[in-house]
file data24.tsv (TSV, C-alpha atoms)
chain	number	residue	atom	x	y	z
A	378	MET	CA	113.78	-89.48	-74.42
A	379	GLY	CA	110.40	-91.11	-74.93
A	380	ALA	CA	109.63	-92.66	-78.27
A	381	VAL	CA	106.76	-94.43	-79.95
A	382	SER	CA	107.13	-97.56	-82.04
A	383	GLY	CA	103.80	-98.21	-83.71
A	384	ASN	CA	101.51	-97.10	-80.89
A	385	SER	CA	103.92	-97.91	-78.07
A	386	CYS	CA	105.46	-95.55	-75.56
A	387	THR	CA	108.97	-96.74	-74.77
A	388	MET	CA	112.38	-95.81	-73.46
A	389	GLU	CA	114.99	-94.75	-75.95
A	390	GLY	CA	118.67	-94.91	-75.11
A	391	SER	CA	119.40	-94.95	-71.39
A	392	VAL	CA	117.00	-92.23	-70.20
A	393	CYS	CA	113.61	-93.12	-68.73
A	394	PRO	CA	111.06	-90.32	-69.35
A	395	PHE	CA	108.94	-91.36	-66.38
A	396	GLY	CA	111.37	-89.67	-64.00
A	397	ALA	CA	111.16	-86.15	-65.41
A	398	ALA	CA	107.37	-86.32	-65.65
A	399	PHE	CA	107.10	-87.57	-62.09
A	400	ARG	CA	109.49	-84.90	-60.79
A	401	ARG	CA	107.25	-82.18	-62.28
A	402	GLU	CA	104.23	-83.65	-60.50
A	403	ARG	CA	106.09	-83.90	-57.19
A	404	GLN	CA	107.46	-80.37	-57.35
A	405	GLN	CA	104.05	-78.93	-58.24
A	406	ARG	CA	102.79	-80.39	-54.96
A	407	GLU	CA	105.81	-79.02	-53.05
A	408	ILE	CA	106.77	-82.47	-51.79
A	409	SER	CA	110.49	-82.97	-51.26
A	410	GLN	CA	112.37	-86.10	-52.24
A	411	TRP	CA	113.02	-86.67	-48.54
A	412	MET	CA	109.30	-86.50	-47.73
A	413	LEU	CA	108.54	-88.89	-50.58
A	414	ALA	CA	111.22	-91.32	-49.43
A	415	LYS	CA	109.70	-91.33	-45.93
A	416	ARG	CA	106.22	-92.02	-47.29
A	417	LEU	CA	107.47	-94.88	-49.45
A	418	ASP	CA	110.05	-96.22	-46.98
A	419	TYR	CA	112.46	-95.95	-49.89
A	420	HIS	CA	115.99	-94.56	-50.15
A	421	THR	CA	116.28	-90.95	-51.34
A	422	ARG	CA	119.15	-91.86	-53.66
A	423	ASN	CA	116.93	-94.31	-55.53
A	424	ILE	CA	114.31	-91.60	-56.01
A	425	GLN	CA	117.00	-89.28	-57.34
A	426	ARG	CA	118.06	-91.93	-59.86
A	427	ILE	CA	114.47	-92.50	-60.99
A	428	GLU	CA	113.76	-88.79	-61.36
A	429	GLY	CA	117.05	-88.33	-63.20
A	430	GLY	CA	115.97	-90.93	-65.76
A	431	LEU	CA	118.79	-93.29	-64.77
A	432	ARG	CA	116.52	-95.98	-63.38
A	433	GLN	CA	113.20	-97.32	-64.63
A	434	PRO	CA	110.91	-98.32	-61.75
A	435	GLY	CA	108.59	-101.28	-61.98
A	436	VAL	CA	104.98	-100.45	-62.73
A	437	GLU	CA	103.84	-101.18	-59.16
A	438	LEU	CA	106.49	-98.90	-57.63
A	439	ALA	CA	105.51	-96.20	-60.12
A	440	LEU	CA	101.89	-96.46	-58.96
A	441	ARG	CA	102.97	-96.26	-55.31
A	442	MET	CA	105.04	-93.16	-56.07
A	443	LEU	CA	102.07	-91.47	-57.71
A	444	GLU	CA	99.82	-92.41	-54.80
A	445	ALA	CA	102.37	-91.00	-52.34
A	446	ILE	CA	102.17	-87.54	-53.92
A	447	GLY	CA	98.41	-87.66	-54.51
A	448	ALA	CA	98.63	-87.70	-58.32
A	449	ASP	CA	95.92	-89.17	-60.55
A	450	PRO	CA	97.56	-92.25	-62.16
A	451	GLY	CA	95.21	-92.30	-65.14
A	452	GLU	CA	95.84	-88.68	-66.07
A	453	PHE	CA	99.57	-89.01	-65.42
A	454	PHE	CA	100.02	-91.98	-67.76
A	455	ARG	CA	97.75	-90.48	-70.40
A	456	LEU	CA	99.91	-87.35	-70.53
A	457	LEU	CA	103.13	-89.36	-70.40
A	458	CYS	CA	102.05	-91.36	-73.44
A	459	VAL	CA	101.05	-88.16	-75.27
A	460	GLU	CA	104.48	-86.66	-74.56
A	461	ALA	CA	106.23	-89.79	-75.81
A	462	THR	CA	104.07	-89.86	-78.94
A	463	GLU	CA	104.78	-86.21	-79.74
A	464	LYS	CA	108.52	-86.87	-79.59
A	465	SER	CA	108.29	-89.72	-82.09
A	466	ASP	CA	108.49	-89.47	-85.86
A	467	THR	CA	106.62	-92.76	-86.23
A	468	ALA	CA	102.88	-92.63	-86.92
A	469	PRO	CA	100.83	-94.86	-84.60
A	470	SER	CA	99.51	-98.06	-86.17
A	471	VAL	CA	96.67	-98.26	-83.65
A	472	LEU	CA	94.71	-95.20	-82.59
A	473	PRO	CA	94.87	-94.77	-78.79
A	474	GLY	CA	91.48	-95.08	-77.20
A	475	SER	CA	90.03	-96.98	-80.16
A	476	VAL	CA	89.41	-100.12	-78.06
A	477	ASP	CA	86.77	-100.17	-75.31
A	478	VAL	CA	87.30	-102.53	-72.37
A	479	ALA	CA	84.99	-103.38	-69.46
A	480	TYR	CA	87.78	-104.12	-66.98
A	481	GLN	CA	87.21	-106.72	-64.29
A	482	LYS	CA	89.41	-107.08	-61.23
A	483	PRO	CA	91.68	-110.11	-61.73
A	484	GLU	CA	91.74	-112.84	-59.12
A	485	ALA	CA	94.96	-113.00	-57.15
A	486	ALA	CA	96.91	-116.21	-57.68
A	487	GLU	CA	99.92	-117.73	-55.97
A	488	GLY	CA	103.12	-116.26	-57.33
A	489	MET	CA	101.39	-113.24	-58.86
A	490	ARG	CA	103.50	-110.11	-58.53
A	491	SER	CA	101.23	-107.60	-60.24
A	492	PHE	CA	97.72	-107.20	-61.63
A	493	PHE	CA	99.24	-105.49	-64.66
A	494	GLY	CA	99.58	-108.69	-66.71
A	495	PRO	CA	96.06	-110.06	-66.19
A	496	LEU	CA	94.63	-106.60	-66.93
A	497	LEU	CA	96.76	-106.46	-70.08
A	498	VAL	CA	95.19	-109.75	-71.18
A	499	GLN	CA	91.76	-108.13	-70.94
A	500	ALA	CA	92.93	-105.19	-73.05
A	501	ARG	CA	94.62	-107.38	-75.65
A	502	GLN	CA	91.67	-109.74	-75.99
A	503	ALA	CA	89.24	-106.82	-76.29
A	504	ALA	CA	91.38	-105.61	-79.19
A	505	GLY	CA	91.36	-109.07	-80.79
A	506	MET	CA	95.14	-108.98	-80.81
A	507	SER	CA	97.66	-111.80	-80.53
A	508	GLN	CA	100.59	-111.73	-78.13
A	509	THR	CA	102.91	-111.60	-81.13
A	510	ALA	CA	101.21	-108.54	-82.63
A	511	MET	CA	101.15	-106.73	-79.30
A	512	ALA	CA	104.80	-107.47	-78.57
A	513	ARG	CA	105.83	-106.30	-82.04
A	514	ARG	CA	103.93	-103.01	-81.73
A	515	ALA	CA	105.30	-102.41	-78.24
A	516	GLY	CA	108.86	-103.34	-79.14
A	517	TYR	CA	108.75	-105.90	-76.31
A	518	ASN	CA	110.36	-109.34	-76.09
A	519	LEU	CA	107.71	-111.90	-77.04
A	520	ARG	CA	109.31	-114.51	-74.77
A	521	ASN	CA	108.43	-112.40	-71.73
A	522	VAL	CA	104.83	-111.61	-72.69
A	523	ASN	CA	103.29	-114.83	-71.36
A	524	THR	CA	105.08	-114.47	-68.02
A	525	VAL	CA	103.96	-110.85	-67.75
A	526	GLU	CA	100.36	-111.69	-68.62
A	527	ARG	CA	100.23	-114.31	-65.87
A	528	GLY	CA	101.38	-111.67	-63.40
A	529	ARG	CA	104.60	-113.49	-62.62
A	530	GLN	CA	106.86	-110.83	-64.09
A	531	GLU	CA	106.48	-107.12	-63.43
A	532	PRO	CA	107.58	-104.96	-66.36
A	533	GLY	CA	109.31	-101.63	-66.04
A	534	VAL	CA	106.94	-98.69	-66.09
A	535	MET	CA	107.71	-97.59	-69.66
A	536	SER	CA	107.49	-101.16	-70.94
A	537	ALA	CA	104.12	-101.42	-69.21
A	538	LEU	CA	102.97	-98.21	-70.87
A	539	ALA	CA	104.19	-99.46	-74.25
A	540	LEU	CA	102.33	-102.75	-73.92
A	541	ALA	CA	99.07	-101.11	-72.83
A	542	ALA	CA	99.26	-98.49	-75.59
A	543	ALA	CA	100.01	-101.15	-78.21
A	544	THR	CA	96.57	-102.69	-77.68
A	545	GLY	CA	94.82	-99.45	-78.65
A	546	VAL	CA	93.09	-98.94	-75.29
A	547	GLU	CA	92.85	-95.54	-73.63
A	548	VAL	CA	95.95	-95.71	-71.45
A	549	GLY	CA	94.62	-93.34	-68.81
A	550	ASP	CA	91.62	-95.60	-68.23
A	551	PHE	CA	93.86	-98.68	-68.17
A	552	PHE	CA	96.20	-97.32	-65.50
A	553	ALA	CA	93.36	-95.82	-63.46
A	554	HIS	CA	91.85	-99.30	-63.20
A	555	LEU	CA	95.24	-100.88	-62.52
A	556	ALA	CA	95.80	-98.47	-59.63
A	557	LEU	CA	92.30	-99.15	-58.31
A	558	PHE	CA	92.67	-102.93	-58.49
A	559	SER	CA	96.19	-102.78	-57.02
A	560	GLY	CA	94.93	-100.77	-54.06
A	561	THR	CA	97.09	-97.75	-54.87
A	562	ALA	CA	94.36	-95.29	-55.82
A	563	ARG	CA	93.15	-94.41	-52.33
A	564	GLY	CA	94.67	-90.95	-52.35
A	565	VAL	CA	92.99	-90.09	-55.64
A	566	TYR	CA	89.68	-91.93	-55.65
A	567	GLY	CA	88.91	-92.39	-51.99
A	568	SER	CA	87.58	-95.70	-50.72
A	569	GLY	CA	84.30	-97.52	-51.02
A	570	SER	CA	81.47	-96.70	-53.38
A	571	GLY	CA	81.69	-92.99	-52.69
A	572	GLY	CA	84.97	-92.54	-54.56
A	573	ASN	CA	85.40	-90.74	-57.86
A	574	GLY	CA	87.32	-93.50	-59.65
A	575	PRO	CA	86.22	-95.70	-62.52
A	576	TYR	CA	83.50	-97.24	-60.36
A	577	GLY	CA	82.74	-94.21	-58.20
call {"tool": "encode", "arguments": {"input": "data24.tsv", "output": "C-alpha cells"}}
result
Amino acid sequence: MGAVSGNSCTMEGSVCPFGAAFRRERQQREISQWMLAKRLDYHTRNIQRIEGGLRQPGVELALRMLEAIGADPGEFFRLLCVEATEKSDTAPSVLPGSVDVAYQKPEAAEGMRSFFGPLLVQARQAAGMSQTAMARRAGYNLRNVNTVERGRQEPGVMSALALAAATGVEVGDFFAHLALFSGTARGVYGSGSGGNGPYG
C-alpha cells in the first residue's frame, strides 16, 4: 500500500504500489507481459514480480517500462503520488507543486548511474531545503542522500518519488524532465524541437 510521510510517497510493508499502477497502464494498452519483456529484453518473471508489488524497480527501469508501453511518465507519477497521498492519514507538510524549478539537463560524469540525483539537487535547492530536511520528510536514510544526489546510487522508484515529492515540486513535471534528460521519453514526446515535452 502506498503511504505519505509528510509530503512523501513511499512503500509501506512489503508491497510496492508502482506495480499495480503500471499493470493498469499496460493492460489499458493491451500489451502483454511477454510483449513488454521482449521490448525491454527483460525476463517475464521479473515483470510479474514488479506488477505483483513484490519487487521495487529502480527509477531508471521504471522509466524504461513506461516508455516501452508508451505511457506519459509525468502523468503516471503525478497520479501515483496522488493515489499514495489519498491512502495516507498524514497531512502533507509541503504542498505539492508549491516549488517552481527551471530544470537544466545535468552533465554526465564518470560513475554516474542516473540523472535522478542531480535533478533532485535542483529541486531541493529551489525549495531552499537541506538534505536533512528532505530525507526526514521522505522517510529516507540521510546517509544515502549524498550518494544519490551525485548520481552514484539509483534509488528504488517509490523512494525516488518520495524524495521528489518531499521537496514540494510538482512531481509530474519532475519525472517528465527526468525521462526527457534520461532519453526515455521518445515514445511520449517525440524527438527534436518538434516534440510535445517540457521543451517542445
call {"tool": "atom_distance", "arguments": {"input": "data24.tsv", "atom1": "atom CA of Gly451 of chain A", "atom2": "atom CA of Ala556 of chain A"}}
result
8.3 Å
call {"tool": "residues_around", "arguments": {"input": "data24.tsv", "residues": "Pro495 of chain A", "least_positions_apart": "4", "cutoff": "7 Å", "atoms": "all atoms listed in the file", "output": "PDB file with C-alpha atoms, keeping the file's coordinate frame"}}
result
ATOM      1  CA  PRO A 483      91.680-110.110 -61.730  1.00  0.00           C
ATOM      2  CA  GLN A 499      91.760-108.130 -70.940  1.00  0.00           C
ATOM      3  CA  GLU A 526     100.360-111.690 -68.620  1.00  0.00           C
ATOM      4  CA  ARG A 527     100.230-114.310 -65.870  1.00  0.00           C
ATOM      5  CA  GLY A 528     101.380-111.670 -63.400  1.00  0.00           C
TER       6      GLY A 528
END
call {"tool": "closest_residue", "arguments": {"input": "data24.tsv", "among": "A:Leu438, A:Ala398, A:Val392, A:Arg520", "to": "Glu452 of chain A", "atoms": "all atoms listed in the file"}}
result
A:Ala398
call {"tool": "atom_distance", "arguments": {"input": "data24.tsv", "atom1": "atom CA of Leu497 of chain A", "atom2": "atom CA of Ile427 of chain A"}}
result
24.3 Å
call {"tool": "atom_distance", "arguments": {"input": "data24.tsv", "atom1": "atom CA of Ala539 of chain A", "atom2": "atom CA of Val476 of chain A"}}
result
15.3 Å
call {"tool": "closest_residue", "arguments": {"input": "data24.tsv", "among": "A:Ala485, A:Ala510, A:Val459, A:Met412", "to": "Ser559 of chain A", "atoms": "all atoms listed in the file"}}
result
A:Ala485
call {"tool": "closest_residue", "arguments": {"input": "data24.tsv", "among": "A:Leu557, A:Met442, A:Ala543, A:Val534", "to": "Ala504 of chain A", "atoms": "all atoms listed in the file"}}
result
A:Ala543
call {"tool": "closest_residue", "arguments": {"input": "data24.tsv", "among": "A:Ala486, A:Val478, A:Leu413, A:Ala515", "to": "Ala445 of chain A", "atoms": "all atoms listed in the file"}}
result
A:Leu413
call {"tool": "residues_near_point", "arguments": {"input": "data24.tsv", "point": "(104.3, -86.2, -60.3)", "cutoff": "10 Å", "atoms": "all atoms listed in the file", "output": "ChimeraX atom specification"}}
result
/A:395-406,408,428,442-450,453
call {"tool": "build_atoms", "arguments": {"input": "data24.tsv", "residues": "segment 523-550 of chain A", "atoms": "N, CA and C atoms", "output": "compact mmCIF listing (two decimals), in the frame of the given file"}}
result
# COMPACT_ATOMS: atom_id res chain seq x y z
N ASN A 523 104.12 -113.86 -72.08
CA ASN A 523 103.29 -114.83 -71.36
C ASN A 523 103.51 -114.75 -69.86
N THR A 524 104.77 -114.58 -69.45
CA THR A 524 105.08 -114.47 -68.02
C THR A 524 104.48 -113.20 -67.44
N VAL A 525 104.55 -112.12 -68.19
CA VAL A 525 103.96 -110.85 -67.75
C VAL A 525 102.45 -110.99 -67.63
N GLU A 526 101.82 -111.59 -68.63
CA GLU A 526 100.36 -111.69 -68.62
C GLU A 526 99.84 -112.57 -67.49
N ARG A 527 100.64 -113.49 -67.01
CA ARG A 527 100.23 -114.31 -65.87
C ARG A 527 100.53 -113.62 -64.54
N GLY A 528 101.10 -112.42 -64.61
CA GLY A 528 101.38 -111.67 -63.40
C GLY A 528 102.62 -112.11 -62.67
N ARG A 529 103.42 -112.95 -63.29
CA ARG A 529 104.60 -113.49 -62.62
C ARG A 529 105.86 -112.68 -62.91
N GLN A 530 105.75 -111.73 -63.81
CA GLN A 530 106.86 -110.83 -64.09
C GLN A 530 106.30 -109.41 -64.17
N GLU A 531 106.93 -108.51 -63.44
CA GLU A 531 106.48 -107.12 -63.43
C GLU A 531 107.35 -106.31 -64.38
N PRO A 532 106.77 -105.74 -65.42
CA PRO A 532 107.58 -104.96 -66.36
C PRO A 532 107.96 -103.60 -65.79
N GLY A 533 108.98 -103.01 -66.37
CA GLY A 533 109.31 -101.63 -66.04
C GLY A 533 108.16 -100.73 -66.46
N VAL A 534 108.10 -99.55 -65.88
CA VAL A 534 106.94 -98.69 -66.09
C VAL A 534 106.77 -98.28 -67.55
N MET A 535 107.85 -97.99 -68.27
CA MET A 535 107.71 -97.59 -69.66
C MET A 535 107.39 -98.77 -70.56
N SER A 536 107.87 -99.95 -70.20
CA SER A 536 107.49 -101.16 -70.94
C SER A 536 106.01 -101.44 -70.74
N ALA A 537 105.53 -101.23 -69.50
CA ALA A 537 104.12 -101.42 -69.21
C ALA A 537 103.27 -100.45 -70.02
N LEU A 538 103.70 -99.21 -70.10
CA LEU A 538 102.97 -98.21 -70.87
C LEU A 538 102.97 -98.57 -72.35
N ALA A 539 104.10 -99.06 -72.85
CA ALA A 539 104.19 -99.46 -74.25
C ALA A 539 103.24 -100.61 -74.57
N LEU A 540 103.19 -101.59 -73.69
CA LEU A 540 102.33 -102.75 -73.92
C LEU A 540 100.85 -102.35 -73.89
N ALA A 541 100.47 -101.55 -72.92
CA ALA A 541 99.07 -101.11 -72.83
C ALA A 541 98.69 -100.29 -74.06
N ALA A 542 99.56 -99.35 -74.44
CA ALA A 542 99.26 -98.49 -75.59
C ALA A 542 99.19 -99.29 -76.89
N ALA A 543 99.98 -100.35 -76.98
CA ALA A 543 100.01 -101.15 -78.21
C ALA A 543 98.68 -101.82 -78.50
N THR A 544 97.86 -102.03 -77.47
CA THR A 544 96.57 -102.69 -77.68
C THR A 544 95.52 -101.73 -78.24
N GLY A 545 95.78 -100.43 -78.16
CA GLY A 545 94.82 -99.45 -78.65
C GLY A 545 93.83 -98.97 -77.60
N VAL A 546 94.00 -99.41 -76.34
CA VAL A 546 93.09 -98.94 -75.29
C VAL A 546 93.46 -97.52 -74.89
N GLU A 547 92.55 -96.85 -74.18
CA GLU A 547 92.85 -95.54 -73.63
C GLU A 547 93.73 -95.78 -72.41
N VAL A 548 94.99 -95.34 -72.49
CA VAL A 548 95.95 -95.71 -71.45
C VAL A 548 95.61 -95.11 -70.10
N GLY A 549 95.00 -93.93 -70.09
CA GLY A 549 94.62 -93.34 -68.81
C GLY A 549 93.62 -94.22 -68.09
N ASP A 550 92.64 -94.73 -68.82
CA ASP A 550 91.62 -95.60 -68.23
C ASP A 550 92.26 -96.91 -67.76
